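What's in coords-v8.tsv: TSV, C-alpha atoms and all ligand atoms
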chain	number	residue	atom	x	y	z
H	282	MET	CA	68.38	107.19	80.16
H	283	ASN	CA	71.52	106.79	78.02
H	284	ILE	CA	74.45	108.68	79.48
H	285	SER	CA	77.45	109.47	77.32
H	286	ILE	CA	80.63	108.92	79.30
H	287	ALA	CA	84.09	110.23	78.53
H	288	HIS	CA	87.44	110.06	80.30
H	289	THR	CA	89.38	113.29	80.55
H	290	HIS	CA	92.86	114.17	81.78
H	291	PRO	CA	92.57	117.54	83.55
H	292	LYS	CA	95.63	119.70	84.21
H	293	THR	CA	94.20	121.15	87.44
H	294	LEU	CA	91.62	119.96	89.95
H	295	LEU	CA	91.36	122.44	92.79
H	296	ASN	CA	89.51	125.62	91.88
H	297	LYS	CA	89.49	128.78	93.95
H	298	GLY	CA	86.43	129.10	96.19
H	299	THR	CA	84.53	132.15	94.93
H	300	GLY	CA	81.03	133.66	95.14
H	301	TYR	CA	78.69	131.39	97.10
H	302	LEU	CA	81.72	129.29	98.11
H	303	SER	CA	83.93	132.19	99.16
H	304	GLY	CA	84.08	130.65	102.67
H	305	TYR	CA	86.20	127.90	101.12
H	306	THR	CA	89.69	128.17	99.74
H	307	HIS	CA	88.87	125.60	97.04
H	308	SER	CA	86.19	123.60	95.27
H	309	LEU	CA	86.80	120.12	93.90
H	310	ASN	CA	84.78	118.28	91.22
H	311	PRO	CA	85.70	114.61	90.53
H	312	PHE	CA	83.48	114.67	87.43
H	313	THR	CA	82.26	117.19	84.91
H	314	GLY	CA	78.53	116.76	84.30
H	315	CYS	CA	75.99	114.97	86.48
H	316	SER	CA	73.68	112.14	85.48
H	317	PHE	CA	71.19	112.98	88.25
H	318	GLY	CA	70.11	115.84	85.99
H	319	CYS	CA	67.86	117.57	88.54
H	320	ALA	CA	65.36	119.92	86.87
H	321	TYR	CA	66.34	122.80	89.16
H	322	CYS	CA	70.13	122.33	88.85
H	323	TYR	CA	71.65	125.80	88.47
H	324	VAL	CA	74.66	124.30	86.65
H	325	ARG	CA	72.34	123.91	83.64
H	326	GLN	CA	72.74	127.69	83.16
H	327	MET	CA	76.51	127.74	83.50
H	328	PRO	CA	79.03	127.71	80.62
H	329	VAL	CA	80.10	124.14	81.44
H	330	SER	CA	76.60	123.09	80.38
H	331	THR	CA	75.53	125.75	77.88
H	332	PHE	CA	78.66	125.35	75.68
H	333	ARG	CA	78.46	121.57	75.73
H	334	GLY	CA	75.74	121.18	73.12
H	335	GLN	CA	74.30	118.17	75.01
H	336	GLU	CA	71.41	118.19	77.46
H	337	TRP	CA	72.54	118.53	81.11
H	338	GLY	CA	72.18	115.15	82.81
H	339	THR	CA	72.98	113.10	79.68
H	340	TRP	CA	76.78	113.25	79.82
H	341	VAL	CA	79.54	112.82	82.37
H	342	ASP	CA	83.31	113.21	82.07
H	343	SER	CA	85.32	111.16	84.53
H	344	LYS	CA	88.59	112.82	85.55
H	345	GLN	CA	91.55	110.47	85.20
H	346	GLY	CA	94.73	110.69	87.28
H	347	ALA	CA	92.78	112.80	89.76
H	348	ALA	CA	94.29	111.48	92.99
H	349	MET	CA	97.88	112.13	91.94
H	350	LEU	CA	97.02	115.59	90.73
H	351	LEU	CA	95.16	116.38	93.95
H	352	ALA	CA	98.05	115.16	96.11
H	353	LYS	CA	100.35	117.56	94.28
H	354	GLU	CA	97.95	120.52	94.39
H	355	LEU	CA	97.08	119.89	98.02
H	356	ARG	CA	100.74	119.91	99.01
H	357	ARG	CA	101.25	123.24	97.26
H	358	ALA	CA	98.07	124.79	98.66
H	359	LYS	CA	98.80	123.68	102.23
H	360	ALA	CA	102.26	125.26	102.03
H	361	LYS	CA	100.50	128.61	101.51
H	362	GLY	CA	98.00	128.36	104.41
H	363	PRO	CA	94.80	126.64	105.60
H	364	VAL	CA	92.93	124.63	102.96
H	365	THR	CA	89.17	124.15	103.04
H	366	ILE	CA	87.55	122.18	100.22
H	367	PHE	CA	83.96	122.00	98.94
H	368	MET	CA	83.35	118.74	97.03
H	369	SER	CA	81.41	119.25	94.83
H	370	SER	CA	79.96	122.46	93.49
H	371	ALA	CA	78.99	121.44	89.92
H	372	THR	CA	78.51	117.68	90.06
H	373	ASP	CA	77.55	114.97	92.53
H	374	PRO	CA	80.72	113.17	93.67
H	375	TYR	CA	78.66	110.00	94.31
H	376	GLN	CA	76.61	109.83	91.12
H	377	PRO	CA	76.20	106.34	89.61
H	378	LEU	CA	79.41	106.45	87.54
H	379	GLU	CA	81.39	106.63	90.79
H	380	TYR	CA	80.44	102.99	91.59
H	381	LYS	CA	82.76	101.87	88.81
H	382	GLU	CA	85.20	104.75	88.44
H	383	LYS	CA	86.05	105.37	92.11
H	384	VAL	CA	87.41	108.84	91.33
H	385	THR	CA	85.89	110.33	94.48
H	386	ARG	CA	87.18	107.46	96.57
H	387	SER	CA	90.68	108.01	95.20
H	388	LEU	CA	90.45	111.71	96.10
H	389	LEU	CA	89.40	110.83	99.64
H	390	GLU	CA	92.36	108.45	99.88
H	391	ALA	CA	94.67	111.30	98.88
H	392	MET	CA	93.04	113.54	101.50
H	393	VAL	CA	93.37	110.89	104.22
H	394	CYS	CA	97.13	110.81	103.48
H	395	ASP	CA	97.44	114.59	103.53
H	396	PRO	CA	94.28	116.05	105.11
H	397	PRO	CA	92.93	119.48	104.28
H	398	ASP	CA	91.80	121.60	107.24
H	399	PHE	CA	88.19	120.94	106.28
H	400	LEU	CA	86.30	119.02	103.61
H	401	LEU	CA	82.59	119.32	102.89
H	402	VAL	CA	81.21	116.41	100.88
H	403	GLN	CA	78.03	117.56	99.15
H	404	THR	CA	75.92	114.70	97.76
H	405	ARG	CA	72.45	113.20	97.52
H	406	SER	CA	73.64	109.68	96.97
H	407	PRO	CA	73.67	106.69	99.32
H	408	LEU	CA	76.91	105.58	97.63
H	409	VAL	CA	78.75	107.81	100.12
H	410	ARG	CA	78.27	104.88	102.56
H	411	ARG	CA	80.91	102.91	100.68
H	412	ASP	CA	83.55	105.42	101.79
H	413	ILE	CA	82.63	105.61	105.48
H	414	ASP	CA	85.98	103.97	106.32
H	415	LEU	CA	87.85	106.93	104.77
H	416	LEU	CA	85.47	109.57	106.11
H	417	GLN	CA	85.99	108.20	109.61
H	418	ARG	CA	89.72	108.67	109.17
H	419	LEU	CA	89.19	112.36	108.41
H	420	GLY	CA	87.50	112.74	111.81
H	421	GLU	CA	86.23	116.25	112.56
H	422	ARG	CA	87.84	117.63	109.41
H	423	VAL	CA	84.96	116.36	107.28
H	424	ARG	CA	81.21	116.95	107.07
H	425	VAL	CA	78.87	115.11	104.75
H	426	SER	CA	76.07	117.32	103.51
H	427	MET	CA	73.25	115.04	102.35
H	428	THR	CA	70.64	116.79	100.23
H	429	VAL	CA	67.11	115.88	101.29
H	430	GLU	CA	64.92	118.52	99.65
H	431	THR	CA	61.66	116.96	100.85
H	432	ASP	CA	60.41	113.90	102.69
H	433	LEU	CA	57.88	113.17	99.92
H	434	ASP	CA	59.27	110.87	97.28
H	435	GLU	CA	56.50	111.68	94.79
H	436	ILE	CA	57.65	115.31	94.93
H	437	ARG	CA	61.30	114.25	94.52
H	438	ARG	CA	60.32	112.15	91.47
H	439	HIS	CA	58.67	115.17	89.88
H	440	PHE	CA	61.73	117.44	90.26
H	441	SER	CA	64.61	115.01	90.08
H	442	PRO	CA	63.46	111.63	88.81
H	443	TYR	CA	66.98	110.25	88.26
H	444	ALA	CA	68.24	111.05	91.76
H	445	PRO	CA	68.18	108.50	94.62
H	446	PRO	CA	64.95	107.96	96.58
H	447	ILE	CA	64.50	109.95	99.79
H	448	ALA	CA	64.33	106.83	101.97
H	449	ALA	CA	67.82	105.77	100.85
H	450	ARG	CA	69.20	109.20	101.74
H	451	LEU	CA	67.62	109.13	105.20
H	452	LYS	CA	69.01	105.63	105.78
H	453	THR	CA	72.44	106.93	104.76
H	454	LEU	CA	72.22	109.75	107.29
H	455	GLN	CA	71.44	107.13	109.92
H	456	LEU	CA	74.49	105.05	108.92
H	457	LEU	CA	76.73	108.12	108.96
H	458	ALA	CA	75.50	108.98	112.47
H	459	GLU	CA	76.10	105.41	113.65
H	460	SER	CA	79.61	105.55	112.17
H	461	GLY	CA	80.42	108.85	113.87
H	462	VAL	CA	80.88	110.73	110.58
H	463	PRO	CA	79.80	114.40	110.97
H	464	ALA	CA	76.83	115.03	108.71
H	465	GLN	CA	74.01	117.45	108.03
H	466	ALA	CA	70.67	117.20	106.26
H	467	THR	CA	70.56	119.79	103.53
H	468	ILE	CA	67.06	120.88	102.58
H	469	ALA	CA	68.07	122.68	99.43
H	470	PRO	CA	66.32	123.71	97.41
H	471	VAL	CA	63.31	123.64	99.72
H	472	LEU	CA	60.64	121.55	97.96
H	473	PRO	CA	57.09	120.96	99.19
H	474	SER	CA	57.25	118.67	102.21
H	475	SER	CA	55.03	117.34	104.98
H	476	GLU	CA	54.63	118.18	108.67
H	477	ALA	CA	56.40	114.90	109.47
H	478	PHE	CA	59.66	115.95	107.77
H	479	ALA	CA	61.26	117.60	110.81
H	480	HIS	CA	60.38	114.60	113.00
H	481	LEU	CA	61.95	112.21	110.47
H	482	LEU	CA	65.19	114.17	110.55
H	483	ARG	CA	65.36	114.66	114.32
H	484	PRO	CA	66.92	111.27	115.21
H	485	LEU	CA	69.35	111.42	112.27
H	486	VAL	CA	71.19	114.76	112.49
H	487	ASN	CA	72.03	117.66	114.77
H	488	ARG	CA	72.60	120.06	111.94
H	489	ILE	CA	70.25	121.24	109.22
H	490	CYS	CA	70.99	123.46	106.25
H	491	LEU	CA	68.07	125.23	104.62
H	492	ASP	CA	68.25	127.03	101.30
H	493	ASP	CA	65.98	127.89	98.39
H	494	TYR	CA	66.10	129.17	94.80
H	495	PHE	CA	65.69	132.76	95.86
H	496	MET	CA	68.49	132.85	98.44
H	497	GLY	CA	70.67	130.15	96.99
H	498	ASP	CA	70.91	130.09	93.19
H	499	GLY	CA	73.39	132.95	93.18
H	500	SER	CA	71.08	135.28	91.24
H	501	GLY	CA	68.14	135.98	93.57
H	502	GLY	CA	66.09	133.30	91.79
H	503	LYS	CA	66.67	134.60	88.23
H	504	ARG	CA	68.59	131.51	87.11
H	505	THR	CA	65.84	129.26	88.39
H	506	ARG	CA	63.20	131.36	86.65
H	507	ARG	CA	65.03	130.85	83.36
H	508	LEU	CA	64.86	127.08	83.94
H	509	GLY	CA	61.07	127.29	83.98
H	510	ILE	CA	60.81	125.59	87.36
H	511	GLU	CA	57.60	127.41	88.27
H	512	ALA	CA	55.70	125.29	85.71
H	513	LEU	CA	56.52	122.14	87.71
H	514	TYR	CA	54.83	123.67	90.77
H	515	THR	CA	51.82	124.67	88.68
H	516	GLU	CA	51.46	121.10	87.36
H	517	LEU	CA	51.27	119.88	90.96
H	518	GLY	CA	48.95	122.68	92.10
H	519	LEU	CA	51.58	123.67	94.67
H	520	GLU	CA	52.31	127.23	93.49
H	521	GLU	CA	52.43	128.52	97.07
H	522	TRP	CA	55.69	126.61	97.50
H	523	TYR	CA	57.33	128.55	94.65
H	524	ASP	CA	57.65	131.64	96.75
H	525	SER	CA	60.53	133.46	98.37
H	526	ALA	CA	58.85	132.96	101.77
H	527	ALA	CA	58.09	129.23	101.40
H	528	TRP	CA	61.27	128.24	103.26
H	529	ARG	CA	59.66	129.69	106.39
H	530	ILE	CA	57.03	126.93	106.37
H	531	VAL	CA	59.80	124.34	106.73
H	532	TYR	CA	61.83	126.51	109.10
H	533	GLU	CA	58.91	126.90	111.52
H	534	ARG	CA	58.30	123.15	111.47
H	535	LEU	CA	61.99	122.44	112.09
H	536	LYS	CA	62.10	124.91	114.97
H	537	LYS	CA	59.53	122.81	116.84
H	538	VAL	CA	61.94	119.86	117.03
H	539	PHE	CA	65.44	121.30	116.53
H	540	LEU	CA	67.24	124.03	118.45
H	541	GLU	CA	67.48	127.26	116.49
H	542	GLU	CA	71.28	127.05	116.57
H	543	GLN	CA	71.09	123.69	114.80
H	544	ILE	CA	69.36	125.23	111.76
H	545	PHE	CA	71.56	127.13	109.32
H	546	LEU	CA	70.29	129.22	106.45
H	547	ASN	CA	71.67	129.68	102.96
H	548	GLN	CA	75.46	130.14	102.74
H	549	ASP	CA	75.89	129.60	106.53
H	550	GLY	CA	74.59	126.06	106.08
H	551	PHE	CA	77.41	125.17	103.72
H	552	ALA	CA	80.16	127.08	105.51
H	553	PRO	CA	83.27	125.22	106.77
V	1	LIG	S1	72.88	116.30	91.86
V	1	LIG	FE1	73.56	118.43	92.08
V	1	LIG	S2	74.96	118.78	90.35
V	1	LIG	FE2	73.79	116.90	89.92
V	1	LIG	S3	72.10	117.61	88.64
V	1	LIG	FE3	71.38	117.55	90.78
V	1	LIG	S4	71.71	119.63	91.56
V	1	LIG	FE4	72.94	119.41	89.67
Please express the file's structure as structure tokens.
Amino acid sequence: MNISIAHTHPKTLLNKGTGYLSGYTHSLNPFTGCSFGCAYCYVRQMPVSTFRGQEWGTWVDSKQGAAMLLAKELRRAKAKGPVTIFMSSATDPYQPLEYKEKVTRSLLEAMVCDPPDFLLVQTRSPLVRRDIDLLQRLGERVRVSMTVETDLDEIRRHFSPYAPPIAARLKTLQLLAESGVPAQATIAPVLPSSEAFAHLLRPLVNRICLDDYFMGDGSGGKRTRRLGIEALYTELGLEEWYDSAAWRIVYERLKKVFLEEQIFLNQDGFAP
């Protein structure tokens, strides 16, 4: 797919943590737009996408001068109290453009120099491995949240064909564990998965986050309904998984191999 790329010079980077992210003081997006273009992405419904006039997933703005700006904003924010950062809420900080642009890496470098109290790195990309050296330096102040919505790659391809394969994400979780970087597997949104899923995750993580469209899209599932996601389930003959109780199927399977206190639901799963 052709992605249109632009370079922007933002005046601010840190946004106040509100709504779903109210447990955080700030959110941080190295890019605007996301070339993974997942079919269920709730950002499709937000002004950043709807006012753009271009299909979500086909454009990305790379924020220039980001590290310097962050260093300044971080200094100011830390002078006022504890700083907890969610990176990222409306983009993937390790989407393909990051290979070349290294905006996210530069932000991590700034945070290694002047660490926030906590940083959650939310991604579905194996590129996060490149920055293990920096993540290690943040120690217990960081957690990588790796989205793994299903263990079935044919399901992943149906819902988010431009996102990295599941096997690469699982391998990345293994590398993070071996490197001592705190990490969680984030099954969000819950997609149809197999009985083996929980067993695949067991050796890789001690923390699971589980969320779905109905709990987690910020509108009780209304945003997702407007995206027409249900039709994708119908095409696959898996309508029973488009249900506000479907997360329980996965939860019960996880409970057989994880301790209950290792499984976090909805907002709790993303909390600092
Ligand atoms: S990776 Fe995240 S931000 Fe990017 S399209 Fe998918 S859900 Fe949206």
Quiz prompt | Site check for ligand LIG 1 (chain V): residues at most 10 Å away, all atoms listed in the file, as a PyMOL selection string | solution = chain H and resi 310+312-325+337-338+369-376+403-406+428+440-441+443-445+469-470
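Reported to one decimal place, the separation of CA of Gly346 (chain H) from CA of Val425 (chain H) is 24.0 Å.
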Practice problem: One decimal, Å: what's the distance from CA of Asn547 (chain H) over to CA of Gln326 (chain H), could you say? | Solution: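 CA of Gln326 (chain H) lies 19.9 Å from CA of Asn547 (chain H).
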Quiz item: So which one's closest to Glu521 (chain H), H:Ala448, H:Thr431, H:Leu472, H:Gly304? Using only C-alpha atoms, please.
Solution: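 Of H:Ala448, H:Thr431, H:Leu472, H:Gly304, the one nearest Glu521 (chain H) is H:Leu472, counting only C-alpha atoms.
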Practice problem: Might you pull out every residue within 10 Å of region 549-553 of chain H, with all atoms listed in the file counted and same-chain residues fewer than 3 positions away left off, and present them as a ChimeraX atom specification? | Solution: /H:301-306,365-367,398-403,422-424,426,465-469,488-492,543-546
Output file for the residues above (C-alpha atoms, as a compact mmCIF listing (two decimals), keeping the file's coordinate frame):
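Written file, out-v2.txt:
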# COMPACT_ATOMS: atom_id res chain seq x y z
CA TYR H 301 78.69 131.39 97.10
CA LEU H 302 81.72 129.29 98.11
CA SER H 303 83.93 132.19 99.16
CA GLY H 304 84.08 130.65 102.67
CA TYR H 305 86.20 127.90 101.12
CA THR H 306 89.69 128.17 99.74
CA THR H 365 89.17 124.15 103.04
CA ILE H 366 87.55 122.18 100.22
CA PHE H 367 83.96 122.00 98.94
CA ASP H 398 91.80 121.60 107.24
CA PHE H 399 88.19 120.94 106.28
CA LEU H 400 86.30 119.02 103.61
CA LEU H 401 82.59 119.32 102.89
CA VAL H 402 81.21 116.41 100.88
CA GLN H 403 78.03 117.56 99.15
CA ARG H 422 87.84 117.63 109.41
CA VAL H 423 84.96 116.36 107.28
CA ARG H 424 81.21 116.95 107.07
CA SER H 426 76.07 117.32 103.51
CA GLN H 465 74.01 117.45 108.03
CA ALA H 466 70.67 117.20 106.26
CA THR H 467 70.56 119.79 103.53
CA ILE H 468 67.06 120.88 102.58
CA ALA H 469 68.07 122.68 99.43
CA ARG H 488 72.60 120.06 111.94
CA ILE H 489 70.25 121.24 109.22
CA CYS H 490 70.99 123.46 106.25
CA LEU H 491 68.07 125.23 104.62
CA ASP H 492 68.25 127.03 101.30
CA GLN H 543 71.09 123.69 114.80
CA ILE H 544 69.36 125.23 111.76
CA PHE H 545 71.56 127.13 109.32
CA LEU H 546 70.29 129.22 106.45
Practice problem: Give me the residues within 12 Å of Lys381 (chain H) as a list in words, counting only C-alpha atoms and dropping any in the same chain fewer than 6 places off. | Solution: Ser343, Tyr375, Ser387 and Leu408 of chain H
Exercise. Compare H:Val531, H:Met368, H:Val409, H:Leu415 by their minimum atom-to-atom distance to Glu430 (chain H), counting only C-alpha atoms, and give me the closest one.
Key: H:Val531
Quiz item: With all atoms listed in the file as the atoms that count, which of H:Gly300, H:Lys503, H:Gly497, H:Arg483 lies nearest to Leu540 (chain H)?
Solution: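 Comparing H:Gly300, H:Lys503, H:Gly497, H:Arg483 against Leu540 (chain H), the winner is H:Arg483.
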